[in-house]
Amino acid sequence: MERAIDQVRSQQPLVQCLTNTVVQGLTANVLAAISASPAMCDTPAESADFAKISSGVLINTGTPNTEQYAGMRAAAKSAEANGTPWVLDPVAAGVLPERSKFLRKLLKYHPTCIRGNASEIMALAELGQGGKGVDATQGVQEAIPAARALLERGVKVVAISGERDLIISKKRVTWLASGDPLLQTVVGTGCSLGAMTAAYLGARKKVSAHNAVVAAHAHVGAAAQVAAAESAGPGSFAVAWLDALYNLTPTQVLAAVEVKEG
Amino acid sequence: MERAIDQVRSQQPLVQCLTNTVVQGLTANVLAAISASPAMCDTPAESADFAKISSGVLINTGTPNTEQYAGMRAAAKSAEANGTPWVLDPVAAGVLPERSKFLRKLLKYHPTCIRGNASEIMALAELGQGGKGVDATQGVQEAIPAARALLERGVKVVAISGERDLIISKKRVTWLASGDPLLQTVVGTGCSLGAMTAAYLGARKKVSAHNAVVAAHAHVGAAAQVAAAESAGPGSFAVAWLDALYNLTPTQVLAAVEVKEG
Amino acid sequence: MERAIDQVRSQQPLVQCLTNTVVQGLTANVLAAISASPAMCDTPAESADFAKISSGVLINTGTPNTEQYAGMRAAAKSAEANGTPWVLDPVAAGVLPERSKFLRKLLKYHPTCIRGNASEIMALAELGQGGKGVDATQGVQEAIPAARALLERGVKVVAISGERDLIISKKRVTWLASGDPLLQTVVGTGCSLGAMTAAYLGARKKVSAHNAVVAAHAHVGAAAQVAAAESAGPGSFAVAWLDALYNLTPTQVLAAVEVKEG
């Protein structure tokens, strides 16, 4: 895991983000804070070309419009064709019929990793009803069968965010205890984790995809713990979290979190 | 007013925001800071469905494009049909002909509350010429006839932001002295107040719509006063304001502001 | 240069920004922090009218979609026709074919100033291949012939951002040493500099366009130096930078930077 963190910093992976406009600013700043190079390129005309030259791609369906939907299809197809790892963050899967339909179609381009909350993972696998707006109404444990169903369909790693995060691939199940409740009070921390996951998958060398995803989650969670200790509310927490993402050494990240293979 | 603040925190209303891309991030974070659940859903395909399941809807015309205009029409129509309270923030009414025309059409869906500066309220009621870009060029007092004209057309509450805020409904006129000049140096504080107003209207039980709107304004203003006391400029003010929105108790809000029935 | 800074604060120029959604929030807040009045108006229907009433216009091609491309064309054409100074920030010129083509077409409306990194300036002049995503891969010095070629085509001032910034017009070459490496860790500081340049060009009276552009760059750089001294990472730097943009006096800006006519 320490190696994965070092690799992101040394390789500065170019990460294409097709994400919602609400969190574009924070996502880009999170990527810059970990030394990745963010590019919020999402138009139909440019998305496929950009997915080819990027180290990793994030597709997050927070606020798609017609044009962005087309861009997402083009990027996913191109990422798969060109061997660029890509992360799907299925925001609000199961809440709105059109979005659920679109998300299920994206699965045919085999995302390297799907990251979401339990409700989103279950809805995506058609094993649940979705949450309240963008918030989960189910627990992480309940989403394990849905995660396994998605792995069967060719996804390499599924990460389910919750009180403890679950990272699951065909042969491994990892539980990660990290983070702080203040993470939920800042909009876009989860979406930024999706982008960081794409950065980690894009930079990895001699690190498994599973471990790269665990490392991205640990980095986010450890930084939240440091930030929470010195902040007075969501405003100061967001500031301190960016600082900690930038400053934490791999050793500090590892020391802060609890990882349990299950 | 204290009850209204408590209700937002306990009910965590889902607030759909069709707002401009400049302030989406701040608006979402403001809603999260007061324990509401933000959803920036604004596409034509999804807006009507989302307005049905939301507790409150904000329509803010800061930077609309063709697709968002269609989403706004759909959301306003659905909000009215489904009894979801909705707030209209008529940004730049009177400045640009197309936007003014669009805004006047939205009035037929009877916004629960209209919140804007004096120039916007006057332009919307076709009793004035609009401001400079997004800034007001008229005083609050001058906009009272325009506010009354909008109430006659079925709007429940009109809130006019200025040095003192005016909240006006058919039977009541409330002046609110609160806030700090630094609020004007952070872009999106007014737009966020619109979203908070939708949250307050969505969460209220045994609280009048008028009082819910006053409470939203008082919460914003009191937090600004706390934040101004500990900040060195617009950057640190924005951070401290979010912290104060999160931390202030209803009693602290009430103690900080001056409310005068007029 | 001191006069230029004073003029922005006293005149509060209305600056229309057609810029990428990632940095709209920061850009608007930077403009507000220096007392300019930001307006992120970029639709085809409204852009031309708005460019007419604005003091300055910024066109930044960070994340354009089809509709925004049309808005940019309309704004550039209207700005030239109405004598409104406008700044072109050719983000990712040379990286993507469609964008490069679009950018070269915009040149026929004679931007008052072009601001970019060396790779972008070279690609725009068709004297280079573009950078990595949005980052430069060439040095400032190498881009001087490209800058001169753009001046020949009617651009008044070209500003090339780098370790030292270069501001070049037909008769003058100015090197500016200012800023801090932390500026690169916050996404949108360069884009915001483009908007500030438009504000400075819009507010200038008895100040040359060249000096207005130098002053905008000096203001950004000096504020970065102040902010870096009191911050722990990119999060706290961004906050302190906004505070310093707001607080620094013209004399303090001038004292902090090194200007060399070359």
# chains A, B, ... in the order shown; residues from 1 in each chain; ligands from 1
$ interface_residues --of "chain C" --to "chain B" --cutoff "7 Å" --atoms "only C-alpha atoms" --output "tab-separated table (two decimals) with N, CA and C atoms, in the first residue's frame"
chain	number	residue	atom	x	y	z
C	21	THR	N	-16.15	24.87	-16.17
C	21	THR	CA	-16.98	24.69	-14.98
C	21	THR	C	-16.15	24.31	-13.75
C	24	GLN	N	-15.04	27.81	-12.25
C	24	GLN	CA	-15.97	28.94	-12.19
C	24	GLN	C	-16.08	29.50	-10.78
C	25	GLY	N	-16.18	28.63	-9.80
C	25	GLY	CA	-16.33	29.09	-8.42
C	25	GLY	C	-15.12	29.89	-7.97
C	28	ALA	N	-14.79	33.28	-9.90
C	28	ALA	CA	-15.75	34.28	-9.44
C	28	ALA	C	-15.31	34.86	-8.10
C	29	ASN	N	-14.83	34.01	-7.21
C	29	ASN	CA	-14.41	34.49	-5.89
C	29	ASN	C	-13.14	35.33	-5.96
C	32	ALA	N	-14.33	38.70	-7.14
C	32	ALA	CA	-14.99	39.40	-6.04
C	32	ALA	C	-13.96	39.89	-5.02
C	33	ALA	N	-12.93	39.08	-4.78
C	33	ALA	CA	-11.91	39.46	-3.79
C	33	ALA	C	-11.15	40.72	-4.21
C	39	ALA	N	-19.45	37.76	-13.77
C	39	ALA	CA	-20.69	37.26	-14.37
C	39	ALA	C	-20.32	36.12	-15.31
C	40	MET	N	-20.73	34.91	-14.94
C	40	MET	CA	-20.35	33.72	-15.70
C	40	MET	C	-21.39	33.45	-16.79
C	41	CYS	N	-21.55	34.40	-17.68
C	41	CYS	CA	-22.60	34.31	-18.70
C	41	CYS	C	-22.00	33.77	-19.98
C	43	THR	N	-23.99	31.55	-22.54
C	43	THR	CA	-24.87	30.88	-23.50
C	43	THR	C	-24.88	31.63	-24.83
C	239	VAL	N	-7.17	29.42	0.67
C	239	VAL	CA	-7.90	30.33	1.56
C	239	VAL	C	-7.08	31.61	1.80
C	240	ALA	N	-5.80	31.42	2.12
C	240	ALA	CA	-4.94	32.57	2.43
C	240	ALA	C	-4.69	33.42	1.18
C	242	LEU	N	-6.85	33.96	-1.31
C	242	LEU	CA	-8.01	34.83	-1.49
C	242	LEU	C	-7.97	36.00	-0.51
C	243	ASP	N	-7.62	35.71	0.73
C	243	ASP	CA	-7.50	36.78	1.72
C	243	ASP	C	-6.46	37.82	1.28
C	246	TYR	N	-7.44	40.11	-1.53
C	246	TYR	CA	-8.38	41.12	-1.00
C	246	TYR	C	-7.65	42.20	-0.22
$ select_by_dssp --residues "region 14-186 of chain B" --states "alpha helix (DSSP H)" --output "number ranges by chain"
B: 24-33, 44-53, 66-82, 97-106, 118-124, 144-152
$ select_by_dssp --residues "region 4-247 of chain C" --states "strand (DSSP E or B)" --output "JSON, numbers by chain"
{"C": [14, 15, 16, 17, 18, 37, 38, 39, 56, 57, 58, 59, 60, 86, 87, 88, 89, 113, 114, 115, 116, 117, 132, 135, 157, 158, 159, 160, 161, 165, 166, 167, 168, 169, 173, 174, 175, 176, 177]}
$ residues_around --residues "Glu163 (chain C)" --least-positions-apart "3" --cutoff "9 Å" --atoms "only C-alpha atoms" --output "number ranges by chain"
C: 139-140, 177-181
$ residues_around --residues "Ser10 (chain A)" --least-positions-apart "5" --cutoff "10 Å" --atoms "only C-alpha atoms" --output "list in words"
Ile5, Ile34, Ser35, Ala36 and Ala203 of chain A
$ closest_residue --among "C:Gly194, C:Gly262, C:Pro44, C:Gly221" --to "Gly116 (chain C)" --atoms "only C-alpha atoms"
C:Gly194
$ residues_around --residues "Met1 (chain C)" --least-positions-apart "2" --cutoff "12 Å" --atoms "only C-alpha atoms" --output "JSON, numbers by chain"
{"C": [3, 4, 5, 6, 7, 8, 200, 204, 205, 206, 207, 208, 209, 210, 211, 212, 213, 214, 215, 216, 217, 218, 219, 249, 250, 251, 252, 253, 254, 255, 257, 259]}
$ write_last_selection --atoms "N, CA, C and O atoms" --output "compact mmCIF listing (two decimals), in the first residue's frame"
# COMPACT_ATOMS: atom_id res chain seq x y z
N ARG C 3 -1.26 52.26 -9.86
CA ARG C 3 -2.49 52.89 -10.34
C ARG C 3 -3.48 51.84 -10.88
O ARG C 3 -4.69 51.92 -10.64
N ALA C 4 -2.95 50.88 -11.60
CA ALA C 4 -3.81 49.84 -12.18
C ALA C 4 -4.57 49.08 -11.10
O ALA C 4 -5.76 48.79 -11.23
N ILE C 5 -3.88 48.76 -10.00
CA ILE C 5 -4.53 48.02 -8.91
C ILE C 5 -5.61 48.87 -8.25
O ILE C 5 -6.72 48.40 -7.99
N ASP C 6 -5.29 50.14 -8.01
CA ASP C 6 -6.28 51.05 -7.46
C ASP C 6 -7.53 51.16 -8.33
O ASP C 6 -8.65 51.22 -7.84
N GLN C 7 -7.30 51.20 -9.66
CA GLN C 7 -8.43 51.40 -10.57
C GLN C 7 -9.40 50.23 -10.55
O GLN C 7 -10.62 50.42 -10.64
N VAL C 8 -8.88 49.00 -10.43
CA VAL C 8 -9.77 47.84 -10.35
C VAL C 8 -10.65 47.97 -9.11
O VAL C 8 -11.87 47.77 -9.16
N TYR C 200 -8.41 43.86 -15.09
CA TYR C 200 -7.41 44.93 -15.15
C TYR C 200 -7.48 45.68 -16.49
O TYR C 200 -7.34 46.90 -16.53
N ARG C 204 -8.67 49.87 -16.70
CA ARG C 204 -7.51 50.77 -16.87
C ARG C 204 -7.89 52.12 -17.50
O ARG C 204 -8.70 52.19 -18.42
N LYS C 205 -7.31 53.17 -16.95
CA LYS C 205 -7.43 54.53 -17.49
C LYS C 205 -6.05 55.15 -17.39
O LYS C 205 -5.48 55.18 -16.30
N LYS C 206 -5.53 55.65 -18.45
CA LYS C 206 -4.16 56.19 -18.47
C LYS C 206 -3.14 55.16 -17.97
O LYS C 206 -2.14 55.50 -17.33
N VAL C 207 -3.43 53.92 -18.21
CA VAL C 207 -2.49 52.83 -17.92
C VAL C 207 -2.43 52.03 -19.22
O VAL C 207 -3.47 51.78 -19.83
N SER C 208 -1.24 51.66 -19.67
CA SER C 208 -1.16 50.92 -20.92
C SER C 208 -1.69 49.50 -20.72
O SER C 208 -1.70 48.98 -19.59
N ALA C 209 -2.14 48.88 -21.81
CA ALA C 209 -2.60 47.50 -21.73
C ALA C 209 -1.48 46.61 -21.20
O ALA C 209 -1.71 45.72 -20.37
N HIS C 210 -0.27 46.87 -21.65
CA HIS C 210 0.88 46.09 -21.19
C HIS C 210 1.01 46.17 -19.66
O HIS C 210 1.12 45.14 -18.98
N ASN C 211 0.96 47.38 -19.12
CA ASN C 211 1.11 47.54 -17.68
C ASN C 211 -0.06 46.96 -16.90
O ASN C 211 0.11 46.44 -15.79
N ALA C 212 -1.25 47.02 -17.47
CA ALA C 212 -2.41 46.42 -16.80
C ALA C 212 -2.21 44.91 -16.67
O ALA C 212 -2.51 44.32 -15.62
N VAL C 213 -1.68 44.29 -17.73
CA VAL C 213 -1.45 42.84 -17.69
C VAL C 213 -0.36 42.50 -16.68
O VAL C 213 -0.48 41.55 -15.90
N VAL C 214 0.70 43.30 -16.66
CA VAL C 214 1.77 43.08 -15.66
C VAL C 214 1.21 43.20 -14.24
O VAL C 214 1.49 42.37 -13.36
N ALA C 215 0.37 44.20 -14.02
CA ALA C 215 -0.18 44.43 -12.68
C ALA C 215 -1.05 43.26 -12.22
O ALA C 215 -0.98 42.83 -11.06
N ALA C 216 -1.85 42.71 -13.13
CA ALA C 216 -2.69 41.56 -12.78
C ALA C 216 -1.82 40.38 -12.35
O ALA C 216 -2.09 39.71 -11.34
N HIS C 217 -0.76 40.14 -13.12
CA HIS C 217 0.14 39.04 -12.78
C HIS C 217 0.85 39.29 -11.45
O HIS C 217 1.04 38.36 -10.65
N ALA C 218 1.27 40.52 -11.21
CA ALA C 218 1.97 40.86 -9.98
C ALA C 218 1.05 40.68 -8.76
O ALA C 218 1.47 40.18 -7.71
N HIS C 219 -0.19 41.08 -8.92
CA HIS C 219 -1.16 40.96 -7.83
C HIS C 219 -1.34 39.48 -7.44
O HIS C 219 -1.31 39.12 -6.26
N THR C 249 -2.22 45.94 -0.43
CA THR C 249 -2.26 47.28 -1.03
C THR C 249 -1.36 47.28 -2.28
O THR C 249 -0.48 46.43 -2.42
N PRO C 250 -1.60 48.22 -3.20
CA PRO C 250 -0.73 48.32 -4.38
C PRO C 250 0.75 48.40 -3.98
O PRO C 250 1.60 47.78 -4.62
N THR C 251 1.06 49.15 -2.95
CA THR C 251 2.45 49.27 -2.51
C THR C 251 3.02 47.92 -2.07
O THR C 251 4.17 47.58 -2.38
N GLN C 252 2.22 47.17 -1.37
CA GLN C 252 2.68 45.85 -0.93
C GLN C 252 2.91 44.91 -2.12
O GLN C 252 3.85 44.13 -2.13
N VAL C 253 2.02 44.98 -3.11
CA VAL C 253 2.19 44.15 -4.31
C VAL C 253 3.53 44.49 -4.96
O VAL C 253 4.35 43.61 -5.26
N LEU C 254 3.74 45.76 -5.17
CA LEU C 254 4.95 46.22 -5.85
C LEU C 254 6.22 45.81 -5.10
O LEU C 254 7.23 45.42 -5.69
N ALA C 255 6.15 45.89 -3.78
CA ALA C 255 7.33 45.56 -2.98
C ALA C 255 7.64 44.07 -3.03
O ALA C 255 8.80 43.66 -2.87
N VAL C 257 7.22 41.82 -5.56
CA VAL C 257 7.59 41.16 -6.83
C VAL C 257 8.83 41.80 -7.45
O VAL C 257 9.23 42.90 -7.08
N VAL C 259 10.23 43.03 -11.09
CA VAL C 259 9.87 43.31 -12.47
C VAL C 259 11.13 43.71 -13.22
O VAL C 259 11.89 44.55 -12.75
$ residues_around --residues "Gly202 (chain C)" --least-positions-apart "6" --cutoff "10 Å" --atoms "only C-alpha atoms" --output "list of chain:residue names"
C:Gln7, C:Val8, C:Gln11, C:Gln12, C:Pro13, C:Leu14, C:Val15, C:Ala36, C:Ser54, C:Ser55, C:Gly56, C:Val57, C:Thr84, C:Pro85, C:Trp86, C:Met196, C:Ala209, C:Ala212
$ residues_around --residues "Ala123 (chain C)" --least-positions-apart "4" --cutoff "12 Å" --atoms "only C-alpha atoms" --output "number ranges by chain"
C: 90-97, 99-101, 103-104, 116-119, 127-131, 136-138, 142-143, 145-147, 149-150
$ write_last_selection --atoms "N, CA, C and O atoms" --output "compact mmCIF listing (two decimals), in the first residue's frame"
# COMPACT_ATOMS: atom_id res chain seq x y z
N PRO C 90 -6.05 29.92 -23.73
CA PRO C 90 -6.24 28.77 -24.64
C PRO C 90 -5.91 27.43 -23.98
O PRO C 90 -4.99 26.74 -24.41
N VAL C 91 -6.69 27.07 -22.95
CA VAL C 91 -6.39 25.85 -22.18
C VAL C 91 -6.37 24.62 -23.09
O VAL C 91 -7.28 24.40 -23.88
N ALA C 92 -5.29 23.87 -22.96
CA ALA C 92 -5.14 22.61 -23.68
C ALA C 92 -5.03 22.81 -25.20
O ALA C 92 -5.26 21.86 -25.95
N ALA C 93 -4.65 24.00 -25.64
CA ALA C 93 -4.36 24.17 -27.07
C ALA C 93 -3.28 23.18 -27.45
O ALA C 93 -2.29 23.01 -26.74
N GLY C 94 -3.48 22.52 -28.58
CA GLY C 94 -2.47 21.59 -29.06
C GLY C 94 -2.64 20.18 -28.55
O GLY C 94 -2.06 19.23 -29.08
N VAL C 95 -3.47 20.00 -27.51
CA VAL C 95 -3.65 18.65 -26.96
C VAL C 95 -4.74 17.91 -27.74
O VAL C 95 -4.62 16.73 -28.03
N LEU C 96 -5.80 18.63 -28.09
CA LEU C 96 -6.93 18.01 -28.75
C LEU C 96 -7.21 18.75 -30.06
O LEU C 96 -7.36 19.97 -30.06
N PRO C 97 -7.30 18.03 -31.17
CA PRO C 97 -7.43 18.67 -32.49
C PRO C 97 -8.62 19.63 -32.59
O PRO C 97 -8.47 20.76 -33.03
N ARG C 99 -10.22 21.28 -30.35
CA ARG C 99 -10.07 22.48 -29.56
C ARG C 99 -9.07 23.45 -30.21
O ARG C 99 -9.29 24.65 -30.25
N SER C 100 -7.98 22.90 -30.74
CA SER C 100 -6.97 23.74 -31.39
C SER C 100 -7.59 24.49 -32.57
O SER C 100 -7.34 25.68 -32.78
N LYS C 101 -8.39 23.78 -33.33
CA LYS C 101 -9.04 24.37 -34.50
C LYS C 101 -9.95 25.52 -34.07
O LYS C 101 -9.93 26.61 -34.64
N LEU C 103 -9.81 27.26 -31.33
CA LEU C 103 -9.01 28.36 -30.77
C LEU C 103 -8.43 29.23 -31.86
O LEU C 103 -8.42 30.46 -31.77
N ARG C 104 -7.95 28.59 -32.92
CA ARG C 104 -7.33 29.38 -34.00
C ARG C 104 -8.38 30.26 -34.68
O ARG C 104 -8.09 31.37 -35.10
N GLY C 116 -1.41 32.18 -21.33
CA GLY C 116 -1.36 30.73 -21.24
C GLY C 116 0.01 30.27 -20.84
O GLY C 116 0.89 31.09 -20.55
N ASN C 117 0.21 28.94 -20.80
CA ASN C 117 1.55 28.46 -20.55
C ASN C 117 2.28 28.35 -21.90
O ASN C 117 1.68 28.55 -22.97
N ALA C 118 3.56 28.06 -21.85
CA ALA C 118 4.38 28.07 -23.06
C ALA C 118 3.84 27.10 -24.13
O ALA C 118 3.77 27.44 -25.32
N SER C 119 3.46 25.91 -23.70
CA SER C 119 2.98 24.92 -24.67
C SER C 119 1.72 25.41 -25.37
O SER C 119 1.55 25.21 -26.58
N LEU C 127 3.26 26.70 -33.66
CA LEU C 127 4.71 26.54 -33.58
C LEU C 127 5.09 25.54 -32.49
O LEU C 127 6.15 25.61 -31.89
N GLY C 128 4.20 24.59 -32.20
CA GLY C 128 4.53 23.61 -31.17
C GLY C 128 3.42 22.59 -31.07
O GLY C 128 2.40 22.69 -31.74
N GLN C 129 3.60 21.64 -30.15
CA GLN C 129 2.71 20.47 -30.12
C GLN C 129 1.79 20.40 -28.91
O GLN C 129 1.09 19.41 -28.75
N GLY C 130 1.79 21.40 -28.05
CA GLY C 130 0.93 21.33 -26.89
C GLY C 130 1.56 20.56 -25.76
O GLY C 130 2.60 19.92 -25.92
N GLY C 131 0.94 20.63 -24.56
CA GLY C 131 1.51 20.04 -23.37
C GLY C 131 0.86 18.72 -22.99
O GLY C 131 0.27 18.03 -23.83
N ALA C 136 2.12 22.51 -19.00
CA ALA C 136 3.11 22.86 -20.01
C ALA C 136 4.24 21.84 -20.05
O ALA C 136 4.60 21.26 -19.04
N THR C 137 4.77 21.61 -21.21
CA THR C 137 5.97 20.78 -21.32
C THR C 137 7.13 21.59 -21.91
O THR C 137 8.22 21.06 -22.10
N GLN C 138 6.88 22.88 -22.22
CA GLN C 138 7.96 23.72 -22.72
C GLN C 138 8.23 24.91 -21.80
O GLN C 138 7.37 25.31 -21.02
N GLU C 142 11.23 29.50 -24.80
CA GLU C 142 10.98 28.85 -26.09
C GLU C 142 9.74 29.38 -26.80
O GLU C 142 9.60 29.22 -28.01
N ALA C 143 8.82 29.98 -26.03
CA ALA C 143 7.55 30.39 -26.61
C ALA C 143 7.58 31.82 -27.15
O ALA C 143 6.59 32.30 -27.70
N PRO C 145 9.05 33.26 -29.83
CA PRO C 145 8.69 33.42 -31.25
C PRO C 145 7.19 33.25 -31.49
O PRO C 145 6.59 33.98 -32.30
N ALA C 146 6.58 32.31 -30.79
CA ALA C 146 5.14 32.11 -30.93
C ALA C 146 4.38 33.35 -30.46
O ALA C 146 3.42 33.79 -31.10
N ALA C 147 4.82 33.91 -29.35
CA ALA C 147 4.18 35.12 -28.84
C ALA C 147 4.29 36.25 -29.86
O ALA C 147 3.30 36.96 -30.13
N ALA C 149 4.59 35.98 -33.06
CA ALA C 149 3.72 35.67 -34.20
C ALA C 149 2.27 36.06 -33.89
O ALA C 149 1.56 36.57 -34.76
N LEU C 150 1.86 35.85 -32.63
CA LEU C 150 0.48 36.23 -32.24
C LEU C 150 0.32 37.74 -32.21
O LEU C 150 -0.72 38.28 -32.60
$ closest_residue --among "A:Trp241, A:Trp175, A:Tyr109, A:Phe102" --to "Glu261 (chain A)" --atoms "only C-alpha atoms"
A:Trp175
